[in-house]
Structure formats: C-alpha cells, structure tokens
>>> print(open('start_3.cif').read())   # mmCIF, C-alpha atoms; chains and numbers go by the auth columns
data_structure
loop_
_atom_site.group_PDB
_atom_site.id
_atom_site.type_symbol
_atom_site.label_atom_id
_atom_site.label_comp_id
_atom_site.label_asym_id
_atom_site.label_seq_id
_atom_site.Cartn_x
_atom_site.Cartn_y
_atom_site.Cartn_z
_atom_site.B_iso_or_equiv
_atom_site.auth_seq_id
_atom_site.auth_asym_id
ATOM 1 C CA MET A 1 0.000 0.000 0.000 0.00 1 A
ATOM 2 C CA ASP A 2 1.339 3.433 -0.964 0.00 2 A
ATOM 3 C CA ASN A 3 1.308 6.358 1.429 0.00 3 A
ATOM 4 C CA ARG A 4 2.648 9.894 1.370 0.00 4 A
ATOM 5 C CA THR A 5 5.457 10.780 3.716 0.00 5 A
ATOM 6 C CA GLN A 6 8.660 12.773 4.030 0.00 6 A
ATOM 7 C CA CYS A 7 11.586 11.543 1.940 0.00 7 A
ATOM 8 C CA PRO A 8 14.214 10.058 4.289 0.00 8 A
ATOM 9 C CA VAL A 9 17.072 11.327 2.090 0.00 9 A
ATOM 10 C CA CYS A 10 16.211 14.929 1.181 0.00 10 A
ATOM 11 C CA ARG A 11 13.295 15.501 3.617 0.00 11 A
ATOM 12 C CA ALA A 12 11.116 16.824 0.815 0.00 12 A
ATOM 13 C CA PRO A 13 7.407 16.293 1.545 0.00 13 A
ATOM 14 C CA ASN A 14 4.951 14.244 -0.466 0.00 14 A
ATOM 15 C CA ALA A 15 7.154 11.246 -1.272 0.00 15 A
ATOM 16 C CA THR A 16 5.480 7.901 -1.961 0.00 16 A
ATOM 17 C CA HIS A 17 6.455 5.148 0.480 0.00 17 A
ATOM 18 C CA SER A 18 5.634 1.481 -0.160 0.00 18 A
ATOM 19 C CA GLY A 19 6.875 -1.971 0.785 0.00 19 A
ATOM 20 C CA ALA A 20 9.451 -3.616 -1.489 0.00 20 A
ATOM 21 C CA GLY A 21 10.363 -6.784 0.397 0.00 21 A
ATOM 22 C CA ALA A 22 11.605 -7.914 3.784 0.00 22 A
ATOM 23 C CA ASN A 23 12.720 -4.842 5.741 0.00 23 A
ATOM 24 C CA THR A 24 12.981 -2.859 2.502 0.00 24 A
ATOM 25 C CA PHE A 25 10.881 0.004 1.199 0.00 25 A
ATOM 26 C CA GLU A 26 10.572 1.788 -2.116 0.00 26 A
ATOM 27 C CA ILE A 27 10.497 5.573 -2.171 0.00 27 A
ATOM 28 C CA HIS A 28 9.314 7.731 -5.064 0.00 28 A
ATOM 29 C CA CYS A 29 10.444 11.279 -4.357 0.00 29 A
ATOM 30 C CA PRO A 30 10.005 14.223 -6.760 0.00 30 A
ATOM 31 C CA ARG A 31 13.595 15.255 -6.003 0.00 31 A
ATOM 32 C CA CYS A 32 15.434 11.961 -5.429 0.00 32 A
ATOM 33 C CA GLY A 33 13.550 9.876 -7.995 0.00 33 A
ATOM 34 C CA ARG A 34 12.815 6.207 -7.290 0.00 34 A
ATOM 35 C CA PHE A 35 15.043 4.279 -4.912 0.00 35 A
ATOM 36 C CA GLN A 36 14.884 1.528 -2.325 0.00 36 A
ATOM 37 C CA ILE A 37 15.982 1.757 1.277 0.00 37 A
ATOM 38 C CA GLN A 38 16.478 -0.743 4.063 0.00 38 A
ATOM 39 C CA ALA A 39 14.466 -0.133 7.220 0.00 39 A
ATOM 40 C CA LEU A 40 17.556 0.354 9.397 0.00 40 A
ATOM 41 C CA ALA A 41 18.998 2.937 7.007 0.00 41 A
ATOM 42 C CA GLU A 42 15.688 4.807 6.875 0.00 42 A
ATOM 43 C CA THR A 43 15.453 4.878 10.658 0.00 43 A
ATOM 44 C CA GLN A 44 18.967 6.265 10.944 0.00 44 A
ATOM 45 C CA LEU A 45 18.384 8.936 8.303 0.00 45 A
ATOM 46 C CA MET A 46 15.155 10.093 9.923 0.00 46 A
ATOM 47 C CA ASN A 47 16.228 9.973 13.573 0.00 47 A
ATOM 48 C CA SER A 48 19.999 10.421 13.639 0.00 48 A
ATOM 49 C CA PRO A 49 21.310 11.498 10.222 0.00 49 A
ATOM 50 C CA PRO A 50 24.853 10.230 9.593 0.00 50 A
ATOM 51 C CA ALA A 51 27.674 12.671 8.943 0.00 51 A
ATOM 52 C CA PHE A 52 28.396 10.890 5.662 0.00 52 A
ATOM 53 C CA PRO A 53 27.401 11.105 2.899 0.00 53 A
ATOM 54 C CA PRO A 54 26.061 14.661 2.652 0.00 54 A
ATOM 55 C CA ALA A 55 22.322 14.449 1.997 0.00 55 A
ATOM 56 C CA HIS A 56 22.520 16.304 -1.323 0.00 56 A
ATOM 57 C CA LEU A 57 25.100 13.873 -2.710 0.00 57 A
ATOM 58 C CA LEU A 58 23.044 10.835 -1.702 0.00 58 A
ATOM 59 C CA SER A 59 19.971 12.513 -3.179 0.00 59 A
ATOM 60 C CA GLY A 60 21.861 13.144 -6.413 0.00 60 A
ATOM 61 C CA LEU A 61 23.025 9.543 -6.625 0.00 61 A
ATOM 62 C CA CYS A 62 19.473 8.249 -6.117 0.00 62 A
ATOM 63 C CA ARG A 63 18.025 10.653 -8.708 0.00 63 A
ATOM 64 C CA ASN A 64 20.631 10.112 -11.416 0.00 64 A
ATOM 65 C CA THR A 65 20.700 6.338 -10.963 0.00 65 A
ATOM 66 C CA TRP A 66 16.980 6.376 -11.699 0.00 66 A
ATOM 67 C CA ASP A 67 16.996 9.055 -14.417 0.00 67 A
ATOM 68 C CA ILE A 68 20.018 7.800 -16.351 0.00 68 A
ATOM 69 C CA LEU A 69 20.090 4.053 -15.719 0.00 69 A
ATOM 70 C CA GLY A 70 16.435 3.407 -14.895 0.00 70 A
ATOM 71 C CA GLU A 71 17.554 1.522 -11.782 0.00 71 A
ATOM 72 C CA ARG A 72 16.640 1.909 -8.116 0.00 72 A
ATOM 73 C CA LEU A 73 19.598 2.482 -5.826 0.00 73 A
ATOM 74 C CA LEU A 74 19.386 0.406 -2.640 0.00 74 A
ATOM 75 C CA VAL A 75 20.306 2.616 0.311 0.00 75 A
ATOM 76 C CA THR A 76 21.820 0.643 3.197 0.00 76 A
ATOM 77 C CA VAL A 77 23.751 1.646 6.298 0.00 77 A
ATOM 78 C CA ASP A 78 26.945 0.528 4.545 0.00 78 A
ATOM 79 C CA LEU A 79 26.720 3.637 2.357 0.00 79 A
ATOM 80 C CA PHE A 80 27.103 5.775 5.470 0.00 80 A
ATOM 81 C CA LYS A 81 30.599 4.453 6.239 0.00 81 A
ATOM 82 C CA SER A 82 32.978 5.989 3.709 0.00 82 A
ATOM 83 C CA TRP A 83 33.590 7.168 0.163 0.00 83 A
ATOM 84 C CA ALA A 84 34.997 3.730 -0.616 0.00 84 A
ATOM 85 C CA GLU A 85 31.728 2.031 0.346 0.00 85 A
ATOM 86 C CA LEU A 86 29.640 4.595 -1.531 0.00 86 A
ATOM 87 C CA ASP A 87 31.740 4.360 -4.686 0.00 87 A
ATOM 88 C CA LYS A 88 31.608 0.557 -4.512 0.00 88 A
ATOM 89 C CA VAL A 89 27.811 0.577 -4.736 0.00 89 A
ATOM 90 C CA ALA A 90 27.372 3.543 -7.083 0.00 90 A
ATOM 91 C CA LYS A 91 27.053 2.746 -10.786 0.00 91 A
ATOM 92 C CA LEU A 92 27.626 6.409 -11.609 0.00 92 A
ATOM 93 C CA ALA A 93 30.452 8.724 -10.611 0.00 93 A
ATOM 94 C CA VAL A 94 29.558 10.681 -7.476 0.00 94 A
ATOM 95 C CA PRO A 95 31.032 14.208 -7.653 0.00 95 A
ATOM 96 C CA ARG A 96 32.954 15.460 -4.665 0.00 96 A
ATOM 97 C CA ASP A 97 31.531 18.626 -3.138 0.00 97 A
ATOM 98 C CA THR A 98 33.742 21.051 -5.086 0.00 98 A
ATOM 99 C CA ASP A 99 33.791 19.171 -8.409 0.00 99 A
ATOM 100 C CA VAL A 100 32.013 21.839 -10.444 0.00 100 A
ATOM 101 C CA ALA A 101 32.967 20.234 -13.768 0.00 101 A
ATOM 102 C CA ALA A 102 31.314 16.909 -12.910 0.00 102 A
ATOM 103 C CA LYS A 103 28.212 18.573 -11.470 0.00 103 A
ATOM 104 C CA GLY A 104 27.983 20.780 -14.533 0.00 104 A
ATOM 105 C CA ASP A 105 28.207 17.748 -16.803 0.00 105 A
ATOM 106 C CA TYR A 106 25.240 16.105 -15.052 0.00 106 A
ATOM 107 C CA LEU A 107 23.227 19.305 -15.499 0.00 107 A
ATOM 108 C CA LEU A 108 24.225 19.607 -19.152 0.00 108 A
ATOM 109 C CA ARG A 109 23.127 16.048 -19.882 0.00 109 A
ATOM 110 C CA TYR A 110 19.863 16.583 -18.005 0.00 110 A
ATOM 111 C CA LEU A 111 19.065 19.564 -20.226 0.00 111 A
ATOM 112 C CA ARG A 112 19.787 17.339 -23.222 0.00 112 A
ATOM 113 C CA ARG A 113 17.420 14.615 -21.991 0.00 113 A
ATOM 114 C CA ARG A 114 14.664 17.168 -21.444 0.00 114 A
ATOM 115 C CA SER A 115 15.125 18.954 -24.787 0.00 115 A
ATOM 116 C CA LYS A 116 12.962 17.610 -27.609 0.00 116 A
ATOM 117 C CA THR A 117 14.239 20.177 -30.109 0.00 117 A
ATOM 118 C CA LEU A 118 17.464 22.117 -30.555 0.00 118 A
ATOM 119 C CA ALA A 119 16.071 25.424 -29.296 0.00 119 A
ATOM 120 C CA GLU A 120 13.828 24.137 -26.515 0.00 120 A
ATOM 121 C CA SER A 121 14.005 25.774 -23.093 0.00 121 A
ATOM 122 C CA VAL A 122 13.916 23.623 -19.957 0.00 122 A
ATOM 123 C CA ALA A 123 12.477 24.686 -16.605 0.00 123 A
ATOM 124 C CA LEU A 124 14.434 23.853 -13.463 0.00 124 A
ATOM 125 C CA THR A 125 12.623 23.626 -10.131 0.00 125 A
ATOM 126 C CA PRO A 126 13.904 22.840 -6.622 0.00 126 A
ATOM 127 C CA ASN A 127 13.510 19.160 -7.503 0.00 127 A
ATOM 128 C CA GLU A 128 16.377 19.510 -9.972 0.00 128 A
ATOM 129 C CA LEU A 129 18.872 20.284 -7.210 0.00 129 A
ATOM 130 C CA ALA A 130 19.505 16.536 -7.125 0.00 130 A
ATOM 131 C CA VAL A 131 20.273 16.391 -10.853 0.00 131 A
ATOM 132 C CA GLY A 132 23.462 18.393 -10.289 0.00 132 A
ATOM 133 C CA PHE A 133 24.236 17.007 -6.814 0.00 133 A
ATOM 134 C CA CYS A 134 23.668 20.556 -5.507 0.00 134 A
ATOM 135 C CA ALA A 135 23.033 21.447 -1.874 0.00 135 A
ATOM 136 C CA ASN A 136 21.002 24.606 -2.530 0.00 136 A
ATOM 137 C CA LYS A 137 19.944 27.157 -5.133 0.00 137 A
ATOM 138 C CA GLN A 138 23.170 29.149 -4.849 0.00 138 A
ATOM 139 C CA GLU A 139 25.244 26.095 -5.708 0.00 139 A
ATOM 140 C CA LEU A 140 22.956 25.232 -8.609 0.00 140 A
ATOM 141 C CA LEU A 141 23.309 28.772 -9.971 0.00 141 A
ATOM 142 C CA PHE A 142 27.080 28.526 -9.579 0.00 142 A
ATOM 143 C CA CYS A 143 27.190 25.318 -11.641 0.00 143 A
ATOM 144 C CA LEU A 144 24.871 26.807 -14.259 0.00 144 A
ATOM 145 C CA ARG A 145 27.100 29.869 -14.469 0.00 145 A
ATOM 146 C CA TYR A 146 30.080 27.564 -15.024 0.00 146 A
ATOM 147 C CA LEU A 147 28.290 26.109 -18.060 0.00 147 A
ATOM 148 C CA ALA A 148 27.085 29.510 -19.279 0.00 148 A
ATOM 149 C CA GLU A 149 30.569 31.023 -19.141 0.00 149 A
ATOM 150 C CA ARG A 150 31.741 28.220 -21.403 0.00 150 A
ATOM 151 C CA GLY A 151 29.010 29.034 -23.870 0.00 151 A
ATOM 152 C CA LEU A 152 27.208 25.704 -23.372 0.00 152 A
ATOM 153 C CA ILE A 153 23.887 27.001 -22.028 0.00 153 A
ATOM 154 C CA GLU A 154 22.008 30.285 -21.849 0.00 154 A
ATOM 155 C CA ASP A 155 19.632 31.721 -19.295 0.00 155 A
ATOM 156 C CA GLU A 156 16.045 32.018 -20.524 0.00 156 A
ATOM 157 C CA THR A 157 14.544 32.696 -17.093 0.00 157 A
ATOM 158 C CA ALA A 158 13.772 36.396 -17.521 0.00 158 A
ATOM 159 C CA ALA A 159 12.434 36.449 -21.079 0.00 159 A
ATOM 160 C CA PRO A 160 12.318 33.377 -23.329 0.00 160 A
ATOM 161 C CA ARG A 161 13.096 34.452 -26.894 0.00 161 A
ATOM 162 C CA GLY A 162 10.101 35.170 -29.076 0.00 162 A
ATOM 163 C CA GLY A 163 7.800 34.619 -26.126 0.00 163 A
ATOM 164 C CA LYS A 164 8.056 30.867 -26.624 0.00 164 A
ATOM 165 C CA GLY A 165 9.182 28.140 -24.301 0.00 165 A
ATOM 166 C CA PRO A 166 8.346 27.542 -20.640 0.00 166 A
ATOM 167 C CA GLN A 167 7.982 30.503 -18.344 0.00 167 A
ATOM 168 C CA ALA A 168 9.906 30.443 -15.073 0.00 168 A
ATOM 169 C CA PRO A 169 7.969 28.197 -12.675 0.00 169 A
ATOM 170 C CA GLN A 170 6.338 29.725 -9.636 0.00 170 A
ATOM 171 C CA GLY A 171 8.539 29.695 -6.560 0.00 171 A
ATOM 172 C CA GLY A 172 11.630 31.188 -8.166 0.00 172 A
ATOM 173 C CA GLY A 173 12.230 28.522 -10.796 0.00 173 A
ATOM 174 C CA LEU A 174 14.815 28.812 -13.561 0.00 174 A
ATOM 175 C CA VAL A 175 14.709 28.313 -17.321 0.00 175 A
ATOM 176 C CA TYR A 176 17.760 27.404 -19.415 0.00 176 A
ATOM 177 C CA ARG A 177 18.492 25.986 -22.821 0.00 177 A
ATOM 178 C CA LEU A 178 21.454 24.449 -24.585 0.00 178 A
ATOM 179 C CA THR A 179 23.377 26.635 -27.013 0.00 179 A
ATOM 180 C CA PRO A 180 24.646 25.340 -30.377 0.00 180 A
ATOM 181 C CA ALA A 181 28.018 24.867 -28.675 0.00 181 A
ATOM 182 C CA GLY A 182 26.324 22.868 -25.923 0.00 182 A
ATOM 183 C CA TRP A 183 24.682 20.526 -28.404 0.00 183 A
ATOM 184 C CA ALA A 184 27.965 20.117 -30.268 0.00 184 A
ATOM 185 C CA ALA A 185 29.860 19.401 -27.050 0.00 185 A
ATOM 186 C CA LEU A 186 27.411 16.660 -26.119 0.00 186 A
ATOM 187 C CA ASP A 187 27.553 15.167 -29.609 0.00 187 A
ATOM 188 C CA THR A 188 31.345 15.060 -29.645 0.00 188 A
ATOM 189 C CA ALA A 189 31.846 14.456 -25.902 0.00 189 A
ATOM 190 C CA SER A 190 34.524 17.132 -26.094 0.00 190 A
ATOM 191 C CA VAL A 191 33.790 20.441 -24.399 0.00 191 A
ATOM 192 C CA GLN A 192 35.558 23.355 -26.095 0.00 192 A
ATOM 193 C CA PRO A 193 35.980 26.662 -24.222 0.00 193 A
ATOM 194 C CA ALA A 194 33.921 29.512 -25.633 0.00 194 A
ATOM 195 C CA GLN A 195 33.067 33.099 -24.843 0.00 195 A
ATOM 196 C CA PRO A 196 30.289 33.530 -22.281 0.00 196 A
ATOM 197 C CA LEU A 197 26.829 33.747 -23.816 0.00 197 A
ATOM 198 C CA ALA A 198 24.921 34.326 -20.617 0.00 198 A
ATOM 199 C CA ALA A 199 25.322 35.491 -17.062 0.00 199 A
ATOM 200 C CA VAL A 200 23.482 34.123 -14.053 0.00 200 A
ATOM 201 C CA SER A 201 22.092 36.595 -11.575 0.00 201 A
ATOM 202 C CA LEU A 202 22.683 35.704 -7.941 0.00 202 A
ATOM 203 C CA THR A 203 19.960 38.029 -6.681 0.00 203 A
ATOM 204 C CA LEU A 204 17.520 35.751 -4.895 0.00 204 A
ATOM 205 C CA ASP A 205 13.892 36.294 -4.027 0.00 205 A
ATOM 206 C CA LYS A 206 13.624 35.587 -0.307 0.00 206 A
ATOM 207 C CA ASP A 207 9.996 34.486 -0.538 0.00 207 A
ATOM 208 C CA ALA A 208 10.723 32.066 -3.364 0.00 208 A
ATOM 209 C CA ASP A 209 13.837 30.647 -1.698 0.00 209 A
ATOM 210 C CA ALA A 210 11.784 28.708 0.842 0.00 210 A
ATOM 211 C CA LEU A 211 11.032 26.097 -1.819 0.00 211 A
ATOM 212 C CA TRP A 212 14.720 25.693 -2.635 0.00 212 A
ATOM 213 C CA THR A 213 15.930 25.423 0.946 0.00 213 A
ATOM 214 C CA GLN A 214 13.203 23.076 2.149 0.00 214 A
ATOM 215 C CA GLY A 215 14.705 19.727 2.974 0.00 215 A
ATOM 216 C CA LEU A 216 18.416 19.668 2.165 0.00 216 A
ATOM 217 C CA SER A 217 19.557 23.067 3.395 0.00 217 A
#
>>> encode(input="start_3.cif", output="structure tokens")
Amino acid sequence: MDNRTQCPVCRAPNATHSGAGANTFEIHCPRCGRFQIQALAETQLMNSPPAFPPAHLLSGLCRNTWDILGERLLVTVDLFKSWAELDKVAKLAVPRDTDVAAKGDYLLRYLRRRSKTLAESVALTPNELAVGFCANKQELLFCLRYLAERGLIEDETAAPRGGKGPQAPQGGGLVYRLTPAGWAALDTASVQPAQPLAAVSLTLDKDADALWTQGLS
C-alpha cells in the first residue's frame, strides 16, 4: 500500500512510500527519484542522520541512478561508512563537493534529456537540485554559471526568446536551454571553451527561496 510521507534522504514532503520486500521500502520522491531503502537505514536517516554522505550527494546519486540508468539504488547503512563504500555501490560517478565540472556535466546532460528540439528551453525547479548534486539554489546557480561562461547554455529565465518556451515556474524557478556549442559538445563528448553567452544573476527572491531550501539546506 502506498502512502505519502517525508523523503528520508532529502526531507522533501509528499514522497510515496511502499513496501518492497523484507525490511525494505521503495520511495518515489520528486527530487530523489525512485530508490529503495532498508528499514535500518531509513530509521537512521530520519532519527539520527549520519555525517556521511552529505544528503545532497546521496539525493543526487538516487536521482541520477533512476533518471540515467532506470535503476533503483538500494540505500543501506553501509553507504554511510565511507567514500569507498559509496563508490563501490554507485554505478555512476559521485562528484565530490567542489567538483564543479562533474556537477555541470550532469546538469548539461539533463538539459539534453529534457530537450525535444534544438532550441527548446527547460524549466528547473527545486527538484532539480539533485540532478546536479547541488546542496542549494546558490550552488545550482554557480554550476549553471560555469556552463554559461563556457558558452554551453544560456539563461532564458527572464524572457524566453520570441515569447516561446516555458515561463519560469512559480517559486523562483529557472529556465535554461542548450546553445549550439552545448549541443555540439554533447555530440562530440569534447567540451571546447567559448566566450560567455549568458550570465546568471545571484539576486535571490527571499519568498521564493523557501522552496529551494526546504529539505536539504
């Protein structure tokens, strides 16, 4: 039986919680995607969160394992021990906290997966923090700026060109799209430096930021 509860990883509300076997549950979280978790690990995350791994990195691993591989990561207490244990289980590379290039690459590939046409704009909500293994909106903007300064993406948040494309979602959402250089970089798997095509504003709306800081921050 499904029921709605708080996600044990990112603490976002409205996650679906259901049984998946002996002492194992399946979680469907808008931010973390679909993953499985052992009862002991869930209890520890909810009652006495471990120092490792940082919640946003575990959230990112769950989300990208589901989005990219279509597989459900099984979260156990072993993952809370060390980088070695986490890397042993992970089927994707887990960026270290300051690895802006790796986080940017995950974001770039997410924009590609969401783009049906070359010029399509993609809306980013607080749920997409996990896509880039980002702890908060400021870090997400930093990683997006890294991509923009290399000419791989451009900011469409303020005014999508020609009035087309998604408007910025309510709650301070963002809208970006791949540039021609971004598409070419993904096609060739070789990112070439380019002149900046966009700048990211770091001026944040305090009222809207509540949605971004809820849970992980």
>>> closest_residue(input="start_3.cif", among="A:Gly19, A:Gly173, A:Pro95, A:Pro13", to="A:Phe133", atoms="all atoms listed in the file")
A:Pro95
>>> atom_distance(input="start_3.cif", atom1="atom CA of A:Ala93", atom2="atom CA of A:Leu69")
12.5 Å
>>> axis_aligned_box(input="start_3.cif", around="stretch 99-109 of chain A", padding_each_side="4 Å", output="lines of an AutoDock Vina configuration file")
center_x = 28.5
center_y = 18.9
center_z = -14.1
size_x = 18.7
size_y = 13.8
size_z = 19.5
>>> atom_distance(input="start_3.cif", atom1="atom CA of A:Asn23", atom2="atom CA of A:Asn3")
16.6 Å
>>> atom_distance(input="start_3.cif", atom1="atom CA of A:Arg72", atom2="atom CA of A:Cys143")
25.9 Å
>>> closest_residue(input="start_3.cif", among="A:Val9, A:Cys134, A:Ala90, A:Ala84", to="A:Pro50", atoms="all atoms listed in the file")
A:Val9
>>> residues_around(input="start_3.cif", residues="A:Pro180", least_positions_apart="5", cutoff="9 Å", atoms="only C-alpha atoms", output="NGL selection string")
:A and (118-119 or 151-153 or 185)
>>> residues_near_point(input="start_3.cif", point="(11.2, 1.3, -0.1)", cutoff="12 Å", atoms="all atoms listed in the file", output="count of residues only")
37
>>> closest_residue(input="start_3.cif", among="A:Ala135, A:Leu86, A:Thr117, A:Asp67", to="A:Cys10", atoms="only C-alpha atoms")
A:Ala135
>>> resolve_selection(input="start_3.cif", expression="the PyMOL selection byres ((chain A and resi 54-59) around 9)", output="NGL selection string")
:A and (9-10 or 31-33 or 49-53 or 60-64 or 75 or 94-97 or 129-136 or 216-217)
>>> build_atoms(input="start_3.cif", residues="stretch 53-64 of chain A", atoms="N, CA, C and O atoms", output="PDB file, keeping the file's coordinate frame")
ATOM      1  N   PRO A  53      27.016  10.039   3.829  1.00  0.00           N
ATOM      2  CA  PRO A  53      27.401  11.105   2.899  1.00  0.00           C
ATOM      3  C   PRO A  53      26.513  12.326   3.087  1.00  0.00           C
ATOM      4  O   PRO A  53      25.419  12.211   3.661  1.00  0.00           O
ATOM      5  N   PRO A  54      26.944  13.499   2.610  1.00  0.00           N
ATOM      6  CA  PRO A  54      26.061  14.661   2.652  1.00  0.00           C
ATOM      7  C   PRO A  54      24.741  14.333   1.953  1.00  0.00           C
ATOM      8  O   PRO A  54      24.725  13.649   0.931  1.00  0.00           O
ATOM      9  N   ALA A  55      23.646  14.812   2.512  1.00  0.00           N
ATOM     10  CA  ALA A  55      22.322  14.449   1.997  1.00  0.00           C
ATOM     11  C   ALA A  55      22.157  14.783   0.521  1.00  0.00           C
ATOM     12  O   ALA A  55      21.544  14.021  -0.231  1.00  0.00           O
ATOM     13  N   HIS A  56      22.723  15.914   0.076  1.00  0.00           N
ATOM     14  CA  HIS A  56      22.520  16.304  -1.323  1.00  0.00           C
ATOM     15  C   HIS A  56      23.269  15.386  -2.287  1.00  0.00           C
ATOM     16  O   HIS A  56      22.829  15.187  -3.420  1.00  0.00           O
ATOM     17  N   LEU A  57      24.381  14.803  -1.841  1.00  0.00           N
ATOM     18  CA  LEU A  57      25.100  13.873  -2.710  1.00  0.00           C
ATOM     19  C   LEU A  57      24.372  12.530  -2.798  1.00  0.00           C
ATOM     20  O   LEU A  57      24.294  11.923  -3.873  1.00  0.00           O
ATOM     21  N   LEU A  58      23.826  12.072  -1.678  1.00  0.00           N
ATOM     22  CA  LEU A  58      23.044  10.835  -1.702  1.00  0.00           C
ATOM     23  C   LEU A  58      21.777  11.030  -2.528  1.00  0.00           C
ATOM     24  O   LEU A  58      21.382  10.154  -3.305  1.00  0.00           O
ATOM     25  N   SER A  59      21.154  12.189  -2.383  1.00  0.00           N
ATOM     26  CA  SER A  59      19.971  12.513  -3.179  1.00  0.00           C
ATOM     27  C   SER A  59      20.304  12.505  -4.667  1.00  0.00           C
ATOM     28  O   SER A  59      19.562  11.955  -5.493  1.00  0.00           O
ATOM     29  N   GLY A  60      21.441  13.110  -5.016  1.00  0.00           N
ATOM     30  CA  GLY A  60      21.861  13.144  -6.413  1.00  0.00           C
ATOM     31  C   GLY A  60      22.140  11.764  -6.974  1.00  0.00           C
ATOM     32  O   GLY A  60      21.807  11.471  -8.130  1.00  0.00           O
ATOM     33  N   LEU A  61      22.740  10.898  -6.162  1.00  0.00           N
ATOM     34  CA  LEU A  61      23.025   9.543  -6.625  1.00  0.00           C
ATOM     35  C   LEU A  61      21.729   8.772  -6.863  1.00  0.00           C
ATOM     36  O   LEU A  61      21.588   8.070  -7.874  1.00  0.00           O
ATOM     37  N   CYS A  62      20.771   8.915  -5.940  1.00  0.00           N
ATOM     38  CA  CYS A  62      19.473   8.249  -6.117  1.00  0.00           C
ATOM     39  C   CYS A  62      18.792   8.743  -7.392  1.00  0.00           C
ATOM     40  O   CYS A  62      18.313   7.941  -8.210  1.00  0.00           O
ATOM     41  N   ARG A  63      18.743  10.059  -7.570  1.00  0.00           N
ATOM     42  CA  ARG A  63      18.025  10.653  -8.708  1.00  0.00           C
ATOM     43  C   ARG A  63      18.665  10.262 -10.040  1.00  0.00           C
ATOM     44  O   ARG A  63      17.973   9.860 -10.989  1.00  0.00           O
ATOM     45  N   ASN A  64      19.980  10.384 -10.140  1.00  0.00           N
ATOM     46  CA  ASN A  64      20.631  10.112 -11.416  1.00  0.00           C
ATOM     47  C   ASN A  64      20.696   8.626 -11.738  1.00  0.00           C
ATOM     48  O   ASN A  64      20.667   8.244 -12.913  1.00  0.00           O
TER      49      ASN A  64
END
